[in-house]
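Q: My questions all concern the structure below.
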Amino acid sequence: MPAPSALRRLATAPGGKRTKWLVLAAWLIVVVALGPLAGKLGEVEDSSSNAFLPGNAESAKVNTQLEKFRGEDEIIPAVAVYSRTDSATTEADAAKARADRADFAPLVAKGEQISGPVRAEDGKALMLVVPLSTGGDDMTGDLEKIRTVAAANAPPGLDVEVGGPAGSLIDNIKVFDNLDSTLMLATGAVVTLLLLITYRSPLLWLFPVLSVGFASVLTQVTTYVLARYASLPVDPQSAGILMVLVFGVGTDYALLLIARYREELHRHEDRHEAMRLALRRSGPAIVASAGTIAIGLACLAFADINSSRSLGLVGAVGVVCALLAMITVLPALLVLAGRWVFWPFVPRYTETAAAAAAGEQRTARTVWSRVGSLIARRPRWSWLMSIGVTAVLALSATGITMGLTNAEMFQDKPESVLAQEKLSAHFPSGSSDPATVVVRTDARAATERAAAGVAGVESVRAGDRTADGSLTSLSVTLKNAPDSDAAKHTIDELRSAVHKVEGAEALVGGTTAESLDTRRAAESDLKVVIPIVLAVVLLVLVALLRSLIAPLLLLATVVLSYFGALGASHLIFEHLLDFAAMDNSLPLMGFVFLVALGIDYNIFLMTRVREEVALQGHSKGVLAGLSSTGGVITSAGIVLAATFAVIASMPLVSMAQLGVLVGIGVLLDTFLVRTVLVPSLALDLGARIWWPSRLGRERTQERRAADEERREVELERV
């Protein structure tokens, strides 16, 4: 194992006169050699239904079984619905549907036939069911052709929409088309603007952005390699959020390092020495922060929902890659460029400036020193007020409605949602998207009778058989809309009925079953993952701060902040954005992100506070730590919140909700928890917060000595 001195030399190598060139050369070699792999990330993304389902769900098992029927080429129907609002469909409308059927014929999957046109009982709609194959050359193109043909030459007053499972699938895929590049460009623009405002320099902003660019290449390459050769789950949603996380976290670390580097430039004439000291003093906090976030996100590996596992594991990879870039390539670039990158506010070294800088954190009057002074006057009132404000926000979380229907998943309704609304209005609501039952062929008849006897089932029809004839699929049309609570209740009843058929080994799947399984898995994941995340983060904090009281308090404040953010987000969703409900995965995703990212800022603050307490004593150290980190942590919080706000502009409601929740939570942590709640608790508790470390014992002894001295003075006065 390398000696501590060797580790220190390795950690500060990017700031060395010669070693900075080695660091930059290594990064350039990596980017040039492996860069082409970054563009292949899309090749390993899994956009199948099972990528977003619980791994052990019955609906996922059905999807796996269906592969035995047609190999990898699944048949997914597109449904064209022709409807009139105020009158019955005409013969011209029926002729249009028949003509479209003939035009659709070349697109139909081999061995399948178009069903319809079927006339609705109310006479106001017609329906065509067009079976498409997922193994076709271009299923997206086939659906677009169907939509183009269906929309052309429609008689006046006839509304035509194409939806069904195929329409829903393609509309969901479109949401993620170019998502990575769109998010990266938008996030890059936001980060650049905020860095320009923060540094007020036309040059300095370029270095963090360039370093994040290196980090993004390394992240995409690493993710691709792990997905290809180590079975890392990657889906379009996790791949999109990955770049936002890398930009946000990477920029945060850049802000912290640059702020410490600027301090050291005032104290040291040699910029290389200044950077080595900056890395030595800010490095532990940055590494601890990244480690906490990465470990916290990796805890999602214990989640049952595959998309949650993907987001957590992929996010952990991104955080580690961002850390590597920010503590290597960024310091090397800054040292290479010299002091002029701070122009027009270049940090100058003089003996007077060095002496002043040494005491700056203790004597300078800044916004944050004034905030600290106000908190110090009444610390108990300050933390009680902070808890009260957050608790009021948290109360709003009590009225949350969970679960988005398919129609509520998009900020703007796609054509598939409009088609489903028309189908539900004129046909049995489940006709466009029936449930699927896979059963052993010798028990097909008994299973069919059991399914037909379930209340809420409209009809049951036998489907295909596997090549060996051992399994048969049943198509079960429900009376209610596929994403309704009534349909989910019917799925429960259907499963109960077919599971009782002896020897059938029946499994029930389909869109409604998938939605039901996902909701239940999300509730289960909350109970499993949250305790693991809390335990892991607590252990990291204990190791970092060498205390028990401080880590428990910090963890409690972040959990409180999460509930406050959840309540505030609910108010925004309900009254400003008009979202009908919260996505089932949001509470868990939001909790993991906010606990990890919230602890991030507390680590920045408390590691500096601990450093100052050792030099100045507890009260002065807390205020000095707040004053010295206030500006950089506030800037970092605004940058991170803004990057997640970019996600809120996405068309998928679940992603928009995650962006809003994390953004609000980060701002709460930045401006209330880290600014007021944590410092005031530390001041009110005194040195006891460091118990049982030696720092806490020593300061407690000093406090007792000071109390004894005060009592002696009072006795002398008496």
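Residues are referred to by chain and number: the chain letter is A, B, ... according to the order shown in the structure tokens, the number counts from 1 in that chain, and ligands are numbered separately from 1 in the order shown.
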Using only C-alpha atoms, which residues sit within 9 Å of Met243 (chain A) once same-chain residues fewer than 5 positions away are excluded, as an mmCIF file with all heavy atoms, in the first residue's frame?

A:
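To be explicit, this is the file written out as around-v3.cif:
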```
data_model
loop_
_atom_site.group_PDB
_atom_site.id
_atom_site.type_symbol
_atom_site.label_atom_id
_atom_site.label_comp_id
_atom_site.auth_asym_id
_atom_site.auth_seq_id
_atom_site.Cartn_x
_atom_site.Cartn_y
_atom_site.Cartn_z
ATOM 1 N N ASP A 180 -30.360 13.034 -25.240
ATOM 2 C CA ASP A 180 -29.027 13.258 -24.692
ATOM 3 C C ASP A 180 -28.437 14.569 -25.194
ATOM 4 O O ASP A 180 -27.932 15.379 -24.417
ATOM 5 C CB ASP A 180 -28.100 12.096 -25.070
ATOM 6 C CG ASP A 180 -28.513 10.800 -24.395
ATOM 7 O OD1 ASP A 180 -29.445 10.838 -23.580
ATOM 8 O OD2 ASP A 180 -27.913 9.765 -24.699
ATOM 9 N N LEU A 183 -30.513 17.690 -23.881
ATOM 10 C CA LEU A 183 -30.224 17.982 -22.487
ATOM 11 C C LEU A 183 -28.809 18.520 -22.307
ATOM 12 O O LEU A 183 -28.579 19.440 -21.521
ATOM 13 C CB LEU A 183 -30.408 16.722 -21.635
ATOM 14 C CG LEU A 183 -31.845 16.349 -21.259
ATOM 15 C CD1 LEU A 183 -31.863 15.026 -20.515
ATOM 16 C CD2 LEU A 183 -32.488 17.430 -20.423
ATOM 17 N N MET A 184 -27.855 17.960 -23.039
ATOM 18 C CA MET A 184 -26.473 18.404 -22.895
ATOM 19 C C MET A 184 -26.323 19.855 -23.346
ATOM 20 O O MET A 184 -25.665 20.664 -22.679
ATOM 21 C CB MET A 184 -25.532 17.499 -23.690
ATOM 22 C CG MET A 184 -24.051 17.821 -23.474
ATOM 23 S SD MET A 184 -22.937 16.686 -24.327
ATOM 24 C CE MET A 184 -23.207 15.204 -23.369
ATOM 25 N N THR A 187 -28.223 22.105 -20.797
ATOM 26 C CA THR A 187 -27.503 22.156 -19.526
ATOM 27 C C THR A 187 -26.208 22.936 -19.668
ATOM 28 O O THR A 187 -25.850 23.744 -18.802
ATOM 29 C CB THR A 187 -27.197 20.729 -19.023
ATOM 30 O OG1 THR A 187 -28.413 19.988 -18.964
ATOM 31 C CG2 THR A 187 -26.574 20.769 -17.645
ATOM 32 N N SER A 216 -17.772 14.091 -19.354
ATOM 33 C CA SER A 216 -18.905 13.490 -20.066
ATOM 34 C C SER A 216 -18.441 12.412 -21.034
ATOM 35 O O SER A 216 -19.094 11.370 -21.181
ATOM 36 C CB SER A 216 -19.694 14.573 -20.807
ATOM 37 O OG SER A 216 -18.915 15.153 -21.839
ATOM 38 N N THR A 219 -17.544 9.450 -18.947
ATOM 39 C CA THR A 219 -18.777 8.843 -18.423
ATOM 40 C C THR A 219 -19.458 7.982 -19.466
ATOM 41 O O THR A 219 -19.861 6.841 -19.188
ATOM 42 C CB THR A 219 -19.739 9.952 -17.961
ATOM 43 O OG1 THR A 219 -19.134 10.707 -16.920
ATOM 44 C CG2 THR A 219 -21.043 9.354 -17.465
ATOM 45 N N GLN A 220 -19.599 8.514 -20.674
ATOM 46 C CA GLN A 220 -20.283 7.751 -21.720
ATOM 47 C C GLN A 220 -19.488 6.508 -22.111
ATOM 48 O O GLN A 220 -20.067 5.443 -22.345
ATOM 49 C CB GLN A 220 -20.509 8.651 -22.938
ATOM 50 C CG GLN A 220 -21.551 9.726 -22.687
ATOM 51 C CD GLN A 220 -21.755 10.621 -23.900
ATOM 52 O OE1 GLN A 220 -20.803 11.040 -24.556
ATOM 53 N NE2 GLN A 220 -22.997 10.941 -24.201
ATOM 54 N N GLY A 248 -24.025 19.014 -13.462
ATOM 55 C CA GLY A 248 -24.323 19.668 -12.190
ATOM 56 C C GLY A 248 -23.301 19.371 -11.117
ATOM 57 O O GLY A 248 -22.752 20.283 -10.486
ATOM 58 N N GLY A 315 -26.024 6.684 -12.653
ATOM 59 C CA GLY A 315 -25.703 7.948 -11.990
ATOM 60 C C GLY A 315 -24.441 7.852 -11.163
ATOM 61 O O GLY A 315 -23.623 8.789 -11.131
ATOM 62 N N GLY A 318 -21.507 8.202 -13.377
ATOM 63 C CA GLY A 318 -21.322 9.593 -13.786
ATOM 64 C C GLY A 318 -20.664 10.437 -12.722
ATOM 65 O O GLY A 318 -19.793 11.275 -13.019
#
```

Q: Would you return as a PyMOL selection string the members of region 242-455 of chain A that DSSP assigns to strand (DSSP E) on this structure's backbone?

A: chain A and resi 435-440

Q: With all heavy atoms retained, export the selected residues as a PDB file, in the first residue's frame.

A:
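Listing of out-v4.pdb after writing:
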```pdb
ATOM      1  N   ALA A 435     -55.455  -7.324 -22.125  1.00  0.00           N
ATOM      2  CA  ALA A 435     -54.501  -8.037 -21.283  1.00  0.00           C
ATOM      3  C   ALA A 435     -54.100  -9.334 -21.978  1.00  0.00           C
ATOM      4  O   ALA A 435     -54.827  -9.855 -22.829  1.00  0.00           O
ATOM      5  CB  ALA A 435     -55.116  -8.331 -19.926  1.00  0.00           C
ATOM      6  N   THR A 436     -52.952  -9.839 -21.627  1.00  0.00           N
ATOM      7  CA  THR A 436     -52.444 -11.075 -22.239  1.00  0.00           C
ATOM      8  C   THR A 436     -52.252 -12.136 -21.167  1.00  0.00           C
ATOM      9  O   THR A 436     -51.646 -11.872 -20.124  1.00  0.00           O
ATOM     10  CB  THR A 436     -51.108 -10.823 -22.954  1.00  0.00           C
ATOM     11  OG1 THR A 436     -51.289  -9.837 -23.965  1.00  0.00           O
ATOM     12  CG2 THR A 436     -50.583 -12.098 -23.579  1.00  0.00           C
ATOM     13  N   VAL A 437     -52.766 -13.320 -21.414  1.00  0.00           N
ATOM     14  CA  VAL A 437     -52.583 -14.450 -20.512  1.00  0.00           C
ATOM     15  C   VAL A 437     -51.805 -15.528 -21.263  1.00  0.00           C
ATOM     16  O   VAL A 437     -52.180 -15.914 -22.371  1.00  0.00           O
ATOM     17  CB  VAL A 437     -53.931 -15.019 -20.029  1.00  0.00           C
ATOM     18  CG1 VAL A 437     -53.700 -16.208 -19.102  1.00  0.00           C
ATOM     19  CG2 VAL A 437     -54.744 -13.940 -19.317  1.00  0.00           C
ATOM     20  N   VAL A 438     -50.710 -15.961 -20.677  1.00  0.00           N
ATOM     21  CA  VAL A 438     -49.937 -17.074 -21.242  1.00  0.00           C
ATOM     22  C   VAL A 438     -50.223 -18.302 -20.387  1.00  0.00           C
ATOM     23  O   VAL A 438     -50.080 -18.259 -19.156  1.00  0.00           O
ATOM     24  CB  VAL A 438     -48.434 -16.754 -21.261  1.00  0.00           C
ATOM     25  CG1 VAL A 438     -47.642 -17.967 -21.751  1.00  0.00           C
ATOM     26  CG2 VAL A 438     -48.153 -15.559 -22.152  1.00  0.00           C
ATOM     27  N   VAL A 439     -50.626 -19.408 -21.035  1.00  0.00           N
ATOM     28  CA  VAL A 439     -51.106 -20.574 -20.309  1.00  0.00           C
ATOM     29  C   VAL A 439     -50.627 -21.844 -21.021  1.00  0.00           C
ATOM     30  O   VAL A 439     -50.362 -21.834 -22.233  1.00  0.00           O
ATOM     31  CB  VAL A 439     -52.651 -20.544 -20.223  1.00  0.00           C
ATOM     32  CG1 VAL A 439     -53.263 -20.590 -21.609  1.00  0.00           C
ATOM     33  CG2 VAL A 439     -53.200 -21.664 -19.362  1.00  0.00           C
ATOM     34  N   ARG A 440     -50.504 -22.934 -20.290  1.00  0.00           N
ATOM     35  CA  ARG A 440     -50.176 -24.207 -20.924  1.00  0.00           C
ATOM     36  C   ARG A 440     -51.349 -24.631 -21.818  1.00  0.00           C
ATOM     37  O   ARG A 440     -52.519 -24.521 -21.416  1.00  0.00           O
ATOM     38  CB  ARG A 440     -49.880 -25.274 -19.877  1.00  0.00           C
ATOM     39  CG  ARG A 440     -48.643 -24.980 -19.031  1.00  0.00           C
ATOM     40  CD  ARG A 440     -48.201 -26.207 -18.260  1.00  0.00           C
ATOM     41  NE  ARG A 440     -47.786 -27.281 -19.160  1.00  0.00           N
ATOM     42  CZ  ARG A 440     -46.581 -27.366 -19.722  1.00  0.00           C
ATOM     43  NH1 ARG A 440     -45.659 -26.432 -19.483  1.00  0.00           N
ATOM     44  NH2 ARG A 440     -46.293 -28.384 -20.519  1.00  0.00           N
TER      45      ARG A 440
END
```

Q: Skip Leu206 (chain A) itself and residues of its chain fewer than 6 positions away, then list as a ChimeraX atom specification all residues within 10 Å of it, counting only C-alpha atoms.

A: /A:192,195-196,212,341

Q: Near region 9-17 of chain A, counting only C-alpha atoms, which residues have an atom at most 9 Å away, once you skip same-chain residues fewer than 6 positions from it, shown as a list of chain:residue names?

A: A:Val23, A:Leu24, A:Arg271, A:His272, A:Glu273, A:Ala274, A:Met275, A:Arg276, A:Leu277, A:Ala278, A:Leu279, A:Arg280, A:Gly283, A:Ile327, A:Thr328, A:Val329, A:Leu330, A:Pro331, A:Ala332, A:Leu333, A:Leu334, A:Val335, A:Leu336

Q: Using only C-alpha atoms, which residues of region 226-314 of chain A come within 12 Å of region 543-559 of chain A, and what is the closest atom pair for each, with the distance in Å to one decimal? Give it as CSV, sorted by chain and residue number.

A:
```
residue,atom,partner,partner_atom,distance
A:Pro284,CA,A:Leu544,CA,8.9
A:Ala285,CA,A:Leu544,CA,8.7
A:Ile286,CA,A:Leu544,CA,11.6
A:Val287,CA,A:Leu544,CA,10.5
A:Ala288,CA,A:Leu544,CA,7.3
A:Ser289,CA,A:Leu544,CA,10.0
A:Gly291,CA,A:Leu544,CA,11.0
A:Thr292,CA,A:Leu544,CA,10.4
```

Q: Those residues with all heavy atoms, as a PDB file, in the first residue's frame please?

A:
```
ATOM      1  N   PRO A 284     -10.250  16.343   0.146  1.00  0.00           N
ATOM      2  CA  PRO A 284     -11.000  15.399   0.977  1.00  0.00           C
ATOM      3  C   PRO A 284     -12.503  15.649   0.975  1.00  0.00           C
ATOM      4  O   PRO A 284     -13.290  14.695   0.931  1.00  0.00           O
ATOM      5  CB  PRO A 284     -10.394  15.621   2.371  1.00  0.00           C
ATOM      6  CG  PRO A 284      -9.006  16.103   2.101  1.00  0.00           C
ATOM      7  CD  PRO A 284      -9.111  16.946   0.871  1.00  0.00           C
ATOM      8  N   ALA A 285     -12.905  16.926   1.028  1.00  0.00           N
ATOM      9  CA  ALA A 285     -14.337  17.227   1.015  1.00  0.00           C
ATOM     10  C   ALA A 285     -14.967  16.843  -0.318  1.00  0.00           C
ATOM     11  O   ALA A 285     -16.082  16.303  -0.371  1.00  0.00           O
ATOM     12  CB  ALA A 285     -14.564  18.715   1.291  1.00  0.00           C
ATOM     13  N   ILE A 286     -14.266  17.111  -1.419  1.00  0.00           N
ATOM     14  CA  ILE A 286     -14.794  16.781  -2.740  1.00  0.00           C
ATOM     15  C   ILE A 286     -14.905  15.271  -2.902  1.00  0.00           C
ATOM     16  O   ILE A 286     -15.916  14.749  -3.386  1.00  0.00           O
ATOM     17  CB  ILE A 286     -13.897  17.393  -3.837  1.00  0.00           C
ATOM     18  CG1 ILE A 286     -13.968  18.922  -3.787  1.00  0.00           C
ATOM     19  CG2 ILE A 286     -14.314  16.896  -5.208  1.00  0.00           C
ATOM     20  CD1 ILE A 286     -13.024  19.615  -4.754  1.00  0.00           C
ATOM     21  N   VAL A 287     -13.862  14.548  -2.501  1.00  0.00           N
ATOM     22  CA  VAL A 287     -13.884  13.086  -2.616  1.00  0.00           C
ATOM     23  C   VAL A 287     -14.975  12.491  -1.728  1.00  0.00           C
ATOM     24  O   VAL A 287     -15.711  11.580  -2.143  1.00  0.00           O
ATOM     25  CB  VAL A 287     -12.506  12.502  -2.247  1.00  0.00           C
ATOM     26  CG1 VAL A 287     -12.572  10.981  -2.162  1.00  0.00           C
ATOM     27  CG2 VAL A 287     -11.456  12.924  -3.270  1.00  0.00           C
ATOM     28  N   ALA A 288     -15.098  13.006  -0.503  1.00  0.00           N
ATOM     29  CA  ALA A 288     -16.140  12.512   0.402  1.00  0.00           C
ATOM     30  C   ALA A 288     -17.525  12.785  -0.160  1.00  0.00           C
ATOM     31  O   ALA A 288     -18.427  11.942  -0.074  1.00  0.00           O
ATOM     32  CB  ALA A 288     -15.989  13.166   1.774  1.00  0.00           C
ATOM     33  N   SER A 289     -17.696  13.972  -0.739  1.00  0.00           N
ATOM     34  CA  SER A 289     -18.981  14.322  -1.335  1.00  0.00           C
ATOM     35  C   SER A 289     -19.326  13.385  -2.484  1.00  0.00           C
ATOM     36  O   SER A 289     -20.425  12.822  -2.545  1.00  0.00           O
ATOM     37  CB  SER A 289     -18.939  15.771  -1.835  1.00  0.00           C
ATOM     38  OG  SER A 289     -20.040  16.042  -2.669  1.00  0.00           O
ATOM     39  N   GLY A 291     -18.088  10.454  -3.101  1.00  0.00           N
ATOM     40  CA  GLY A 291     -18.280   9.102  -2.598  1.00  0.00           C
ATOM     41  C   GLY A 291     -19.660   8.903  -2.002  1.00  0.00           C
ATOM     42  O   GLY A 291     -20.308   7.876  -2.219  1.00  0.00           O
ATOM     43  N   THR A 292     -20.122   9.910  -1.266  1.00  0.00           N
ATOM     44  CA  THR A 292     -21.451   9.813  -0.649  1.00  0.00           C
ATOM     45  C   THR A 292     -22.539   9.755  -1.707  1.00  0.00           C
ATOM     46  O   THR A 292     -23.474   8.941  -1.622  1.00  0.00           O
ATOM     47  CB  THR A 292     -21.692  11.015   0.278  1.00  0.00           C
ATOM     48  OG1 THR A 292     -20.648  11.079   1.254  1.00  0.00           O
ATOM     49  CG2 THR A 292     -23.027  10.881   0.988  1.00  0.00           C
TER      50      THR A 292
END
```

Q: Among region 227-390 of chain A, which ones does DSSP place in alpha helix (DSSP H), written as number ranges by chain?

A: A: 227-230, 236-267, 271-298, 306-326, 329-337, 351-363, 367-377, 379-390

Q: Which residues come within 8 Å of Leu594 (chain A), counting only C-alpha atoms, excluding same-chain residues fewer than 4 positions away, as a PyMOL selection string?

A: chain A and resi 558+562+590+598+662+665-666

Q: I need the residue nearest Leu640 (chain A) from this list: A:Val190, A:Ile387, A:Val130, A:Ile599. Use only C-alpha atoms for the distance.

A: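 Among A:Val190, A:Ile387, A:Val130, A:Ile599, it is A:Val190 that comes nearest to Leu640 (chain A).
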
Q: Residues near Ser238 (chain A), anyone? I mean within 8 Å using only C-alpha atoms, not counting same-chain ones fewer than 5 positions away, as a VMD selection string.

A: chain A and resid 307 310 to 311 314 to 315

Q: Give me the residues of region 590-624 of chain A that have any atom at most 7 Å from an atom of region 671-684 of chain A; for each, the nearest atom pair and the distance in Å, rounded to one decimal. Use only C-alpha atoms, sort by chain and number, and format it as CSV.

A:
```
residue,atom,partner,partner_atom,distance
A:Asn602,CA,A:Arg674,CA,6.3
A:Ser619,CA,A:Leu683,CA,6.1
A:Val622,CA,A:Pro679,CA,6.6
```

Q: Give me a file of those residues, with all heavy atoms, as a PDB file, in the first residue's frame.

A:
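result-v5.pdb was written with the following content:
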```pdb
ATOM      1  N   ASN A 602     -23.665  19.794   2.961  1.00  0.00           N
ATOM      2  CA  ASN A 602     -23.330  19.729   4.378  1.00  0.00           C
ATOM      3  C   ASN A 602     -21.896  19.239   4.590  1.00  0.00           C
ATOM      4  O   ASN A 602     -21.218  19.648   5.540  1.00  0.00           O
ATOM      5  CB  ASN A 602     -24.312  18.804   5.103  1.00  0.00           C
ATOM      6  CG  ASN A 602     -25.638  19.489   5.377  1.00  0.00           C
ATOM      7  OD1 ASN A 602     -25.669  20.663   5.722  1.00  0.00           O
ATOM      8  ND2 ASN A 602     -26.730  18.781   5.190  1.00  0.00           N
ATOM      9  N   SER A 619     -17.471  28.097  18.544  1.00  0.00           N
ATOM     10  CA  SER A 619     -18.376  29.132  18.033  1.00  0.00           C
ATOM     11  C   SER A 619     -17.746  29.919  16.897  1.00  0.00           C
ATOM     12  O   SER A 619     -18.352  30.107  15.829  1.00  0.00           O
ATOM     13  CB  SER A 619     -18.790  30.077  19.162  1.00  0.00           C
ATOM     14  OG  SER A 619     -19.538  29.383  20.133  1.00  0.00           O
ATOM     15  N   VAL A 622     -17.471  27.712  13.739  1.00  0.00           N
ATOM     16  CA  VAL A 622     -18.726  27.533  12.995  1.00  0.00           C
ATOM     17  C   VAL A 622     -18.996  28.744  12.121  1.00  0.00           C
ATOM     18  O   VAL A 622     -19.332  28.623  10.932  1.00  0.00           O
ATOM     19  CB  VAL A 622     -19.896  27.282  13.961  1.00  0.00           C
ATOM     20  CG1 VAL A 622     -21.228  27.330  13.210  1.00  0.00           C
ATOM     21  CG2 VAL A 622     -19.740  25.938  14.660  1.00  0.00           C
TER      22      VAL A 622
END
```

Q: Within 6 Å of region 512-528 of chain A, counting only C-alpha atoms, which residues qualify if same-chain residues fewer than 4 places away don't, as a ChimeraX atom specification?

A: /A:53,59,303,482-483,584-585,588

Q: Go ahead and write the selection's residues with C-alpha atoms as an mmCIF file, in the first residue's frame.

A:
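That gives us selection-v1.cif:
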```
data_model
loop_
_atom_site.group_PDB
_atom_site.id
_atom_site.type_symbol
_atom_site.label_atom_id
_atom_site.label_comp_id
_atom_site.auth_asym_id
_atom_site.auth_seq_id
_atom_site.Cartn_x
_atom_site.Cartn_y
_atom_site.Cartn_z
ATOM 1 C CA LEU A 53 -40.638 -3.018 -15.014
ATOM 2 C CA SER A 59 -46.038 -8.917 -16.331
ATOM 3 C CA ALA A 303 -34.619 -1.592 -5.999
ATOM 4 C CA PRO A 482 -56.386 0.038 -19.564
ATOM 5 C CA ASP A 483 -54.871 2.599 -17.167
ATOM 6 C CA ASN A 584 -45.005 6.249 -8.706
ATOM 7 C CA SER A 585 -41.199 6.288 -8.902
ATOM 8 C CA LEU A 588 -37.889 7.071 -4.114
#
```
